[in-house]
$ cat upload.cif   # mmCIF, C-alpha atoms (C1' of nucleotides)
data_entry
loop_
_atom_site.label_atom_id
_atom_site.label_comp_id
_atom_site.auth_asym_id
_atom_site.auth_seq_id
_atom_site.Cartn_x
_atom_site.Cartn_y
_atom_site.Cartn_z
CA MET A 1 -12.36 -9.42 -24.57
CA ASN A 2 -15.79 -8.12 -25.47
CA PHE A 3 -18.24 -8.66 -22.71
CA THR A 4 -21.59 -6.92 -23.13
CA ASP A 5 -23.32 -5.50 -20.10
CA ILE A 6 -25.87 -8.29 -20.43
CA GLU A 7 -23.13 -10.87 -20.13
CA LEU A 8 -21.53 -9.11 -17.17
CA ILE A 9 -24.89 -8.94 -15.39
CA GLU A 10 -25.41 -12.62 -16.09
CA LEU A 11 -21.99 -13.39 -14.61
CA MET A 12 -22.72 -11.35 -11.51
CA HIS A 13 -26.06 -13.07 -11.01
CA LYS A 14 -24.41 -16.46 -11.26
CA ALA A 15 -21.76 -15.33 -8.80
CA GLY A 16 -24.44 -14.14 -6.41
CA ILE A 17 -23.59 -10.45 -6.44
CA ARG A 18 -25.96 -7.60 -7.14
CA PRO A 19 -25.22 -5.91 -10.48
CA SER A 20 -25.34 -2.22 -9.78
CA VAL A 21 -24.59 0.28 -12.51
CA GLN A 22 -21.22 1.03 -10.89
CA ARG A 23 -20.26 -2.60 -10.55
CA ILE A 24 -21.10 -3.29 -14.16
CA ALA A 25 -18.86 -0.43 -15.23
CA ILE A 26 -16.05 -1.55 -12.96
CA LEU A 27 -16.28 -5.18 -14.00
CA SER A 28 -16.32 -4.08 -17.63
CA SER A 29 -13.22 -2.02 -17.03
CA VAL A 30 -11.41 -5.10 -15.76
CA PHE A 31 -12.81 -7.60 -18.27
CA ASN A 32 -12.75 -5.56 -21.45
CA THR A 33 -9.11 -4.57 -21.43
CA ARG A 34 -6.00 -6.53 -20.79
CA ARG A 35 -4.43 -3.70 -18.81
CA HIS A 36 -4.66 -5.22 -15.35
CA PRO A 37 -5.76 -1.85 -13.97
CA SER A 38 -5.26 -0.50 -10.49
CA ALA A 39 -8.19 0.89 -8.52
CA GLU A 40 -7.01 4.37 -9.42
CA ASP A 41 -6.82 3.45 -13.12
CA ILE A 42 -10.41 2.28 -12.99
CA PHE A 43 -11.52 5.36 -11.11
CA SER A 44 -9.94 7.76 -13.56
CA GLU A 45 -11.27 5.82 -16.53
CA LEU A 46 -14.85 5.80 -15.26
CA SER A 47 -15.00 9.07 -13.40
CA PRO A 48 -15.71 11.20 -16.49
CA HIS A 49 -18.66 8.98 -17.41
CA TYR A 50 -19.99 8.61 -13.87
CA PRO A 51 -19.29 11.97 -12.24
CA SER A 52 -20.73 10.91 -8.91
CA LEU A 53 -18.57 7.79 -8.74
CA SER A 54 -16.60 7.56 -5.55
CA ARG A 55 -13.20 6.03 -5.08
CA THR A 56 -14.65 4.14 -2.14
CA THR A 57 -17.18 2.54 -4.47
CA VAL A 58 -14.38 1.36 -6.71
CA TYR A 59 -12.59 -0.24 -3.77
CA ASN A 60 -15.79 -1.72 -2.33
CA SER A 61 -16.87 -3.13 -5.67
CA LEU A 62 -13.49 -4.63 -6.40
CA HIS A 63 -13.54 -6.33 -3.02
CA ALA A 64 -17.00 -7.70 -3.64
CA LEU A 65 -16.02 -8.87 -7.12
CA CYS A 66 -12.94 -10.58 -5.72
CA GLU A 67 -14.90 -12.31 -2.99
CA CYS A 68 -17.41 -13.73 -5.40
CA GLY A 69 -14.62 -14.98 -7.60
CA LEU A 70 -15.02 -12.83 -10.69
CA VAL A 71 -11.90 -10.74 -10.19
CA ARG A 72 -8.43 -11.57 -9.01
CA GLN A 73 -5.88 -9.40 -7.24
CA LEU A 74 -2.33 -9.19 -8.53
CA GLU A 75 0.40 -8.12 -6.14
CA ILE A 76 2.98 -7.87 -8.88
CA ASP A 77 3.23 -4.11 -8.65
CA GLY A 78 4.40 -3.43 -5.11
CA ALA A 79 2.93 0.05 -5.04
CA ASN A 80 -0.63 -0.69 -6.17
CA MET A 81 -2.91 -3.64 -6.19
CA ARG A 82 -3.80 -4.63 -9.74
CA TYR A 83 -6.93 -6.43 -10.87
CA ASP A 84 -7.42 -9.18 -13.41
CA MET A 85 -10.30 -11.13 -14.86
CA ALA A 86 -10.53 -14.31 -12.81
CA PRO A 87 -12.38 -16.80 -15.01
CA GLN A 88 -9.62 -17.69 -17.44
CA LYS A 89 -7.26 -20.53 -17.71
CA PRO A 90 -4.27 -20.27 -15.36
CA HIS A 91 -1.57 -17.97 -16.62
CA SER A 92 1.33 -16.01 -15.24
CA HIS A 93 2.21 -12.32 -15.43
CA PHE A 94 5.15 -10.23 -16.53
CA ILE A 95 5.68 -6.64 -15.43
CA CYS A 96 8.01 -4.34 -17.33
CA ARG A 97 10.34 -2.40 -15.07
CA ARG A 98 10.43 0.48 -17.55
CA CYS A 99 6.87 1.09 -18.68
CA GLY A 100 5.07 -0.71 -15.88
CA ARG A 101 2.77 -2.59 -18.25
CA ILE A 102 1.67 -6.04 -17.23
CA PHE A 103 1.54 -8.86 -19.76
CA ASP A 104 -0.20 -12.22 -19.61
CA MET A 105 2.20 -15.10 -20.07
CA ALA A 106 1.80 -18.84 -20.35
CA MET A 107 1.72 -20.65 -17.04
CA PRO A 108 4.94 -22.66 -16.75
CA GLU A 109 4.00 -26.27 -17.16
CA GLY A 110 3.19 -28.32 -14.11
CA LEU A 111 2.59 -25.27 -11.98
CA SER A 112 -1.14 -24.91 -12.18
CA ALA A 113 -1.38 -28.49 -10.99
CA SER A 114 0.93 -27.93 -8.08
CA ALA A 115 -1.77 -26.50 -5.85
CA GLY A 116 -2.13 -29.05 -3.09
CA SER A 117 1.05 -30.84 -3.90
CA TYR A 118 3.01 -29.53 -0.93
CA GLU A 119 2.96 -31.90 2.02
CA GLY A 120 0.77 -30.55 4.78
CA PHE A 121 0.10 -27.20 3.11
CA CYS A 122 -3.31 -26.34 1.78
CA VAL A 123 -2.59 -24.26 -1.32
CA ASP A 124 -5.55 -22.39 -2.79
CA CYS A 125 -3.77 -19.95 -5.05
CA VAL A 126 -0.58 -19.75 -7.09
CA ASP A 127 0.86 -16.51 -8.46
CA VAL A 128 3.80 -16.45 -10.84
CA TYR A 129 5.32 -13.04 -11.49
CA PHE A 130 8.10 -12.34 -13.97
CA LYS A 131 9.93 -9.04 -14.04
CA GLY A 132 12.21 -7.48 -16.56
CA ILE A 133 12.04 -5.48 -19.77
CA CYS A 134 9.28 -5.90 -22.32
CA PRO A 135 10.01 -6.18 -26.07
CA ASP A 136 8.93 -2.58 -26.78
CA CYS A 137 11.17 -1.08 -24.12
CA LYS A 138 14.04 -3.39 -25.08
CA GLN A 139 13.93 -2.02 -28.60
CA LYS A 140 13.80 1.57 -27.42
CA LEU A 141 16.84 0.96 -25.24
CA THR A 142 19.02 -0.41 -28.04
CA THR A 143 18.32 2.35 -30.56
CA MET B 1 21.40 -19.45 9.10
CA ASN B 2 24.32 -18.33 11.24
CA PHE B 3 26.17 -15.50 9.67
CA THR B 4 28.73 -13.78 11.85
CA ASP B 5 29.21 -10.05 11.60
CA ILE B 6 32.58 -10.75 9.97
CA GLU B 7 30.90 -12.76 7.26
CA LEU B 8 28.22 -10.13 6.73
CA ILE B 9 30.85 -7.41 6.42
CA GLU B 10 32.74 -9.55 3.95
CA LEU B 11 29.56 -10.00 1.90
CA MET B 12 28.92 -6.29 1.90
CA HIS B 13 32.45 -5.51 0.80
CA LYS B 14 32.15 -7.94 -2.06
CA ALA B 15 28.83 -6.41 -3.01
CA GLY B 16 30.39 -2.95 -2.96
CA ILE B 17 28.34 -1.49 -0.14
CA ARG B 18 29.67 0.21 2.98
CA PRO B 19 29.11 -1.88 6.10
CA SER B 20 27.81 0.50 8.71
CA VAL B 21 26.82 -0.75 12.12
CA GLN B 22 23.17 -0.32 11.24
CA ARG B 23 23.46 -2.13 7.95
CA ILE B 24 25.18 -5.06 9.61
CA ALA B 25 22.37 -5.32 12.11
CA ILE B 26 19.72 -5.06 9.44
CA LEU B 27 21.39 -7.58 7.16
CA SER B 28 21.80 -9.93 10.09
CA SER B 29 18.13 -9.55 10.88
CA VAL B 30 17.26 -10.69 7.37
CA PHE B 31 19.92 -13.39 7.03
CA ASN B 32 19.80 -14.95 10.48
CA THR B 33 16.13 -15.78 10.60
CA ARG B 34 13.81 -17.33 8.09
CA ARG B 35 11.00 -14.97 9.00
CA HIS B 36 11.03 -12.88 5.86
CA PRO B 37 10.61 -9.75 7.97
CA SER B 38 8.96 -6.49 7.01
CA ALA B 39 10.78 -3.19 7.51
CA GLU B 40 8.68 -2.63 10.62
CA ASP B 41 9.59 -6.11 11.95
CA ILE B 42 13.24 -5.27 11.57
CA PHE B 43 12.83 -1.88 13.16
CA SER B 44 11.07 -3.24 16.23
CA GLU B 45 13.55 -6.06 16.57
CA LEU B 46 16.58 -3.77 16.43
CA SER B 47 15.23 -0.65 18.03
CA PRO B 48 15.79 -1.81 21.64
CA HIS B 49 19.45 -2.57 20.89
CA TYR B 50 20.06 0.54 18.79
CA PRO B 51 17.95 3.23 20.45
CA SER B 52 18.94 5.87 17.95
CA LEU B 53 17.98 3.73 14.99
CA SER B 54 15.59 5.47 12.66
CA ARG B 55 12.91 3.87 10.58
CA THR B 56 14.28 5.81 7.65
CA THR B 57 17.61 4.09 8.08
CA VAL B 58 15.91 0.72 7.93
CA TYR B 59 14.23 1.66 4.67
CA ASN B 60 17.36 3.23 3.23
CA SER B 61 19.51 0.28 4.17
CA LEU B 62 17.08 -2.26 2.79
CA HIS B 63 17.02 -0.38 -0.48
CA ALA B 64 20.78 -0.30 -0.63
CA LEU B 65 21.00 -3.98 0.22
CA CYS B 66 18.49 -4.81 -2.47
CA GLU B 67 20.32 -2.78 -5.07
CA CYS B 68 23.62 -4.46 -4.39
CA GLY B 69 21.94 -7.85 -4.65
CA LEU B 70 22.21 -9.11 -1.08
CA VAL B 71 18.53 -8.82 -0.24
CA ARG B 72 15.40 -9.53 -2.20
CA GLN B 73 11.95 -7.98 -1.89
CA LEU B 74 8.90 -10.19 -1.63
CA GLU B 75 5.56 -8.73 -2.65
CA ILE B 76 3.64 -11.69 -1.34
CA ASP B 77 2.07 -9.79 1.51
CA GLY B 78 0.04 -7.07 -0.11
CA ALA B 79 0.18 -4.82 2.94
CA ASN B 80 3.94 -4.78 3.60
CA MET B 81 7.04 -5.41 1.64
CA ARG B 82 8.90 -8.42 3.00
CA TYR B 83 12.63 -9.06 2.74
CA ASP B 84 14.53 -12.24 2.06
CA MET B 85 18.16 -13.31 1.83
CA ALA B 86 19.05 -13.13 -1.87
CA PRO B 87 22.04 -15.44 -2.27
CA GLN B 88 20.35 -18.81 -2.06
CA LYS B 89 19.23 -21.27 -4.62
CA PRO B 90 15.94 -20.35 -6.28
CA HIS B 91 12.90 -21.19 -4.20
CA SER B 92 9.30 -20.17 -3.95
CA HIS B 93 7.23 -18.83 -1.06
CA PHE B 94 4.02 -19.74 0.69
CA ILE B 95 2.06 -17.31 2.84
CA CYS B 96 -0.50 -18.54 5.34
CA ARG B 97 -3.76 -16.62 5.18
CA ARG B 98 -4.35 -17.24 8.88
CA CYS B 99 -1.10 -16.58 10.67
CA GLY B 100 0.66 -14.57 7.98
CA ARG B 101 3.86 -16.56 8.25
CA ILE B 102 5.90 -17.03 5.10
CA PHE B 103 7.50 -20.37 4.32
CA ASP B 104 10.23 -21.28 1.86
CA MET B 105 9.12 -23.88 -0.62
CA ALA B 106 10.84 -25.79 -3.38
CA MET B 107 10.90 -24.01 -6.71
CA PRO B 108 8.61 -25.89 -9.07
CA GLU B 109 10.84 -27.63 -11.54
CA GLY B 110 11.66 -25.94 -14.79
CA LEU B 111 10.77 -22.54 -13.43
CA SER B 112 14.10 -21.23 -12.32
CA ALA B 113 15.37 -21.93 -15.80
CA SER B 114 12.52 -20.11 -17.46
CA ALA B 115 14.05 -16.68 -17.06
CA GLY B 116 14.79 -15.56 -20.56
CA SER B 117 12.70 -18.20 -22.20
CA TYR B 118 9.86 -15.92 -23.21
CA GLU B 119 10.22 -14.69 -26.76
CA GLY B 120 11.22 -11.04 -26.82
CA PHE B 121 10.96 -10.53 -23.08
CA CYS B 122 14.02 -10.00 -20.96
CA VAL B 123 13.19 -11.72 -17.68
CA ASP B 124 15.51 -10.95 -14.77
CA CYS B 125 13.42 -12.21 -11.88
CA VAL B 126 10.81 -14.85 -11.18
CA ASP B 127 8.59 -14.86 -8.11
CA VAL B 128 6.34 -17.76 -7.25
CA TYR B 129 3.87 -17.15 -4.45
CA PHE B 130 1.58 -19.77 -2.99
CA LYS B 131 -1.27 -18.88 -0.65
CA GLY B 132 -3.40 -20.95 1.63
CA ILE B 133 -3.31 -22.49 5.08
CA CYS B 134 -0.14 -23.75 6.71
CA PRO B 135 0.03 -27.13 8.48
CA ASP B 136 -0.10 -25.58 11.96
CA CYS B 137 -3.19 -23.52 11.24
CA LYS B 138 -4.83 -26.42 9.41
CA GLN B 139 -4.50 -28.53 12.52
CA LYS B 140 -5.89 -25.81 14.75
CA LEU B 141 -8.89 -25.47 12.47
CA THR B 142 -9.80 -29.14 12.55
CA THR B 143 -9.63 -29.57 16.31
"C1'" DT C 1 44.46 16.68 8.68
"C1'" DA C 2 41.45 18.28 5.11
"C1'" DT C 3 38.20 17.28 1.88
"C1'" DA C 4 34.76 14.88 -0.35
"C1'" DA C 5 31.52 11.15 -0.43
"C1'" DC C 6 28.43 8.65 1.87
"C1'" DT C 7 25.13 7.49 6.03
"C1'" DT C 8 22.07 8.32 9.59
"C1'" DT C 9 18.46 10.68 11.70
"C1'" DG C 10 13.95 13.09 12.48
"C1'" DT C 11 10.25 15.50 10.65
"C1'" DA C 12 7.00 16.21 7.38
"C1'" DA C 13 4.69 14.63 3.47
"C1'" DT C 14 2.59 11.28 0.19
"C1'" DC C 15 -0.38 7.95 -1.31
"C1'" DA C 16 -3.00 3.66 -1.47
"C1'" DC C 17 -6.38 1.98 1.04
"C1'" DT C 18 -9.95 1.53 4.93
"C1'" DA C 19 -13.59 2.98 8.48
"C1'" DC C 20 -17.64 4.93 9.16
"C1'" DA C 21 -22.11 6.95 8.89
"C1'" DA C 22 -25.65 9.11 6.19
"C1'" DG C 23 -28.27 8.87 2.16
"C1'" DA C 24 -29.84 6.36 -2.02
"C1'" DT C 25 -31.40 2.15 -4.31
"C1'" DA C 26 -33.48 -2.18 -5.14
"C1'" DG C 27 -35.92 -6.49 -3.78
"C1'" DT C 28 -39.69 -8.40 -0.96
"C1'" DT C 29 -43.96 -8.76 1.38
"C1'" DA C 30 -48.50 -7.39 2.31
"C1'" DT D 1 -48.71 0.30 -4.58
"C1'" DA D 2 -46.77 1.14 -0.10
"C1'" DA D 3 -43.89 -0.14 3.55
"C1'" DC D 4 -39.99 -2.54 5.09
"C1'" DT D 5 -35.54 -4.38 4.82
"C1'" DA D 6 -31.19 -5.38 3.06
"C1'" DT D 7 -27.78 -3.81 0.28
"C1'" DC D 8 -24.98 -0.09 -2.24
"C1'" DT D 9 -22.98 4.28 -2.88
"C1'" DT D 10 -20.89 8.35 -1.42
"C1'" DG D 11 -17.85 11.72 1.09
"C1'" DT D 12 -15.05 12.64 4.80
"C1'" DA D 13 -11.78 11.50 7.87
"C1'" DG D 14 -8.57 8.39 9.14
"C1'" DT D 15 -4.51 4.85 9.02
"C1'" DG D 16 -0.23 3.00 8.04
"C1'" DA D 17 3.57 1.90 4.98
"C1'" DT D 18 6.78 4.29 2.53
"C1'" DT D 19 9.36 8.38 0.72
"C1'" DA D 20 11.43 13.29 0.54
"C1'" DC D 21 14.36 16.27 2.45
"C1'" DA D 22 17.83 18.64 4.95
"C1'" DA D 23 20.90 18.78 8.79
"C1'" DA D 24 24.27 16.34 11.41
"C1'" DG D 25 27.44 12.54 11.77
"C1'" DT D 26 30.77 9.17 9.86
"C1'" DT D 27 34.18 7.10 6.85
"C1'" DA D 28 37.58 6.92 3.00
"C1'" DT D 29 41.30 8.85 0.69
"C1'" DA D 30 44.80 12.05 -0.46
#

$ encode --input "upload.cif" --output "structure tokens"
Amino acid sequence: MNFTDIELIELMHKAGIRPSVQRIAILSSVFNTRRHPSAEDIFSELSPHYPSLSRTTVYNSLHALCECGLVRQLEIDGANMRYDMAPQKPHSHFICRRCGRIFDMAMPEGLSASAGSYEGFCVDCVDVYFKGICPDCKQKLTT
Amino acid sequence: MNFTDIELIELMHKAGIRPSVQRIAILSSVFNTRRHPSAEDIFSELSPHYPSLSRTTVYNSLHALCECGLVRQLEIDGANMRYDMAPQKPHSHFICRRCGRIFDMAMPEGLSASAGSYEGFCVDCVDVYFKGICPDCKQKLTT
DNA sequence: TATAACTTTGTAATCACTACAAGATAGTTA
DNA sequence: TAACTATCTTGTAGTGATTACAAAGTTATA
């Protein structure tokens, strides 16, 4: 979880996307935390450091980064789209109903391979979302 | 896929929710098709038959039906919340990127049992969403 | 029948996200 | 380096799904 700007630029070049200052910051915000941030999260994190940053730029950049395959959208949240680093081994996600945090979980076995295994369907993406209470909140509830 | 109003009322009684005319219609709209409708779908389907029906009622009723466990929300769509009949055996969903239709799929084995199997996490819900191209659209694309 | 609890309805608001057009930036060619 | 072009960023003004709220209607129970 420690991508330097140099590495991020390299990744963007390879992905065929122009590495603007804003995009580097946004990609870093997604890659260098495991928070699965929303667009608004990213905007409020970066806004103090890039006062001219526009919300529209955050949305545009995230779209571009998704299209070139560096970032992935999570629809686990219902209210907001969340963003995740794409180049990692397949995994699933857990969202806590109390605190709203999203956790990476192991991908249940056999699932990552199941793309393409459904007769006649052309599956290009599998999302597994668990919901419930995270360990921290569980403890708080029982004390 | 053929629930009579009597059966729907019975289900609502058991679930502890008051079966108003509107709720029966809305529940029927979810149970008696496999379209996984959005709130707007339901509203435009029912509106001609219940001219006084309000969008707010659709939303309120769907919430109530979700809370009492008869209906389930699908977040597969990104833009809209979709609704599904809850009391069925666990299954997954596929959404077609072309036509937007949602299909029921088999639940990948082992997954339905995995609720609760993550150390420290209290999992109460598992959603598996596949995305890609459905057989119909695949055919149209190749001709 | 009276009372309380719950539902429906319509309007107004919220909030994430998108459309659009003008201005800024960077890469390319001469 | 200068000019040209393609691409990015920015701000404003939407859009569209969903929610908040309060008044009016309905149902359950005593």

$ interface_residues --input "upload.cif" --of "chain A" --to "chain C" --cutoff "9 Å" --atoms "only C-alpha atoms (C1' of nucleotides)" --output "PyMOL selection string"
chain A and resi 40+56+59+79-81

$ resolve_selection --input "upload.cif" --expression "the PyMOL selection byres ((chain A) within 6 of (chain B))" --output "mmCIF file with C-alpha atoms, keeping the file's coordinate frame"
data_model
loop_
_atom_site.group_PDB
_atom_site.id
_atom_site.type_symbol
_atom_site.label_atom_id
_atom_site.label_comp_id
_atom_site.auth_asym_id
_atom_site.auth_seq_id
_atom_site.Cartn_x
_atom_site.Cartn_y
_atom_site.Cartn_z
ATOM 1 C CA GLY A 78 4.400 -3.430 -5.110
ATOM 2 C CA GLY A 120 0.770 -30.550 4.780
ATOM 3 C CA PHE A 121 0.100 -27.200 3.110
ATOM 4 C CA CYS A 122 -3.310 -26.340 1.780
ATOM 5 C CA VAL A 123 -2.590 -24.260 -1.320
ATOM 6 C CA ASP A 124 -5.550 -22.390 -2.790
ATOM 7 C CA CYS A 125 -3.770 -19.950 -5.050
ATOM 8 C CA VAL A 126 -0.580 -19.750 -7.090
ATOM 9 C CA ASP A 127 0.860 -16.510 -8.460
ATOM 10 C CA VAL A 128 3.800 -16.450 -10.840
ATOM 11 C CA TYR A 129 5.320 -13.040 -11.490
ATOM 12 C CA PHE A 130 8.100 -12.340 -13.970
ATOM 13 C CA LYS A 131 9.930 -9.040 -14.040
ATOM 14 C CA GLY A 132 12.210 -7.480 -16.560
ATOM 15 C CA ILE A 133 12.040 -5.480 -19.770
ATOM 16 C CA CYS A 134 9.280 -5.900 -22.320
ATOM 17 C CA PRO A 135 10.010 -6.180 -26.070
#

$ resolve_selection --input "upload.cif" --expression "the PyMOL selection byres ((chain D) within 9 of (chain A))" --output "list in words"
DT7, DC8, DT9, DT10 and DG11 of chain D

$ write_last_selection --input "upload.cif" --atoms "C-alpha atoms (C1' of nucleotides)" --output "PDB file, keeping the file's coordinate frame"
ATOM      1  C1'  DT D   7     -27.780  -3.810   0.280  1.00  0.00           C
ATOM      2  C1'  DC D   8     -24.980  -0.090  -2.240  1.00  0.00           C
ATOM      3  C1'  DT D   9     -22.980   4.280  -2.880  1.00  0.00           C
ATOM      4  C1'  DT D  10     -20.890   8.350  -1.420  1.00  0.00           C
ATOM      5  C1'  DG D  11     -17.850  11.720   1.090  1.00  0.00           C
TER       6       DG D  11
END

$ resolve_selection --input "upload.cif" --expression "the PyMOL selection byres ((chain B and resi 35) around 12)" --output "ChimeraX atom specification"
/B:1,28-34,36-39,41-42,45,74,82-85,93-95,100-104

$ atom_distance --input "upload.cif" --atom1 "atom CA of B:Leu27" --atom2 "atom CA of B:His91"
19.7 Å

$ axis_aligned_box --input "upload.cif" --around "stretch 10-26 of chain C" --padding-each-side "6 Å" --output "lines of an AutoDock Vina configuration file"
center_x = -9.8
center_y = 7.0
center_z = 3.7
size_x = 59.4
size_y = 30.4
size_z = 29.6

$ atom_distance --input "upload.cif" --atom1 "atom C1' of D:DT19" --atom2 "atom CA of B:His49"
25.1 Å

$ atom_distance --input "upload.cif" --atom1 "atom CA of B:Leu62" --atom2 "atom CA of B:Ile9"
15.1 Å
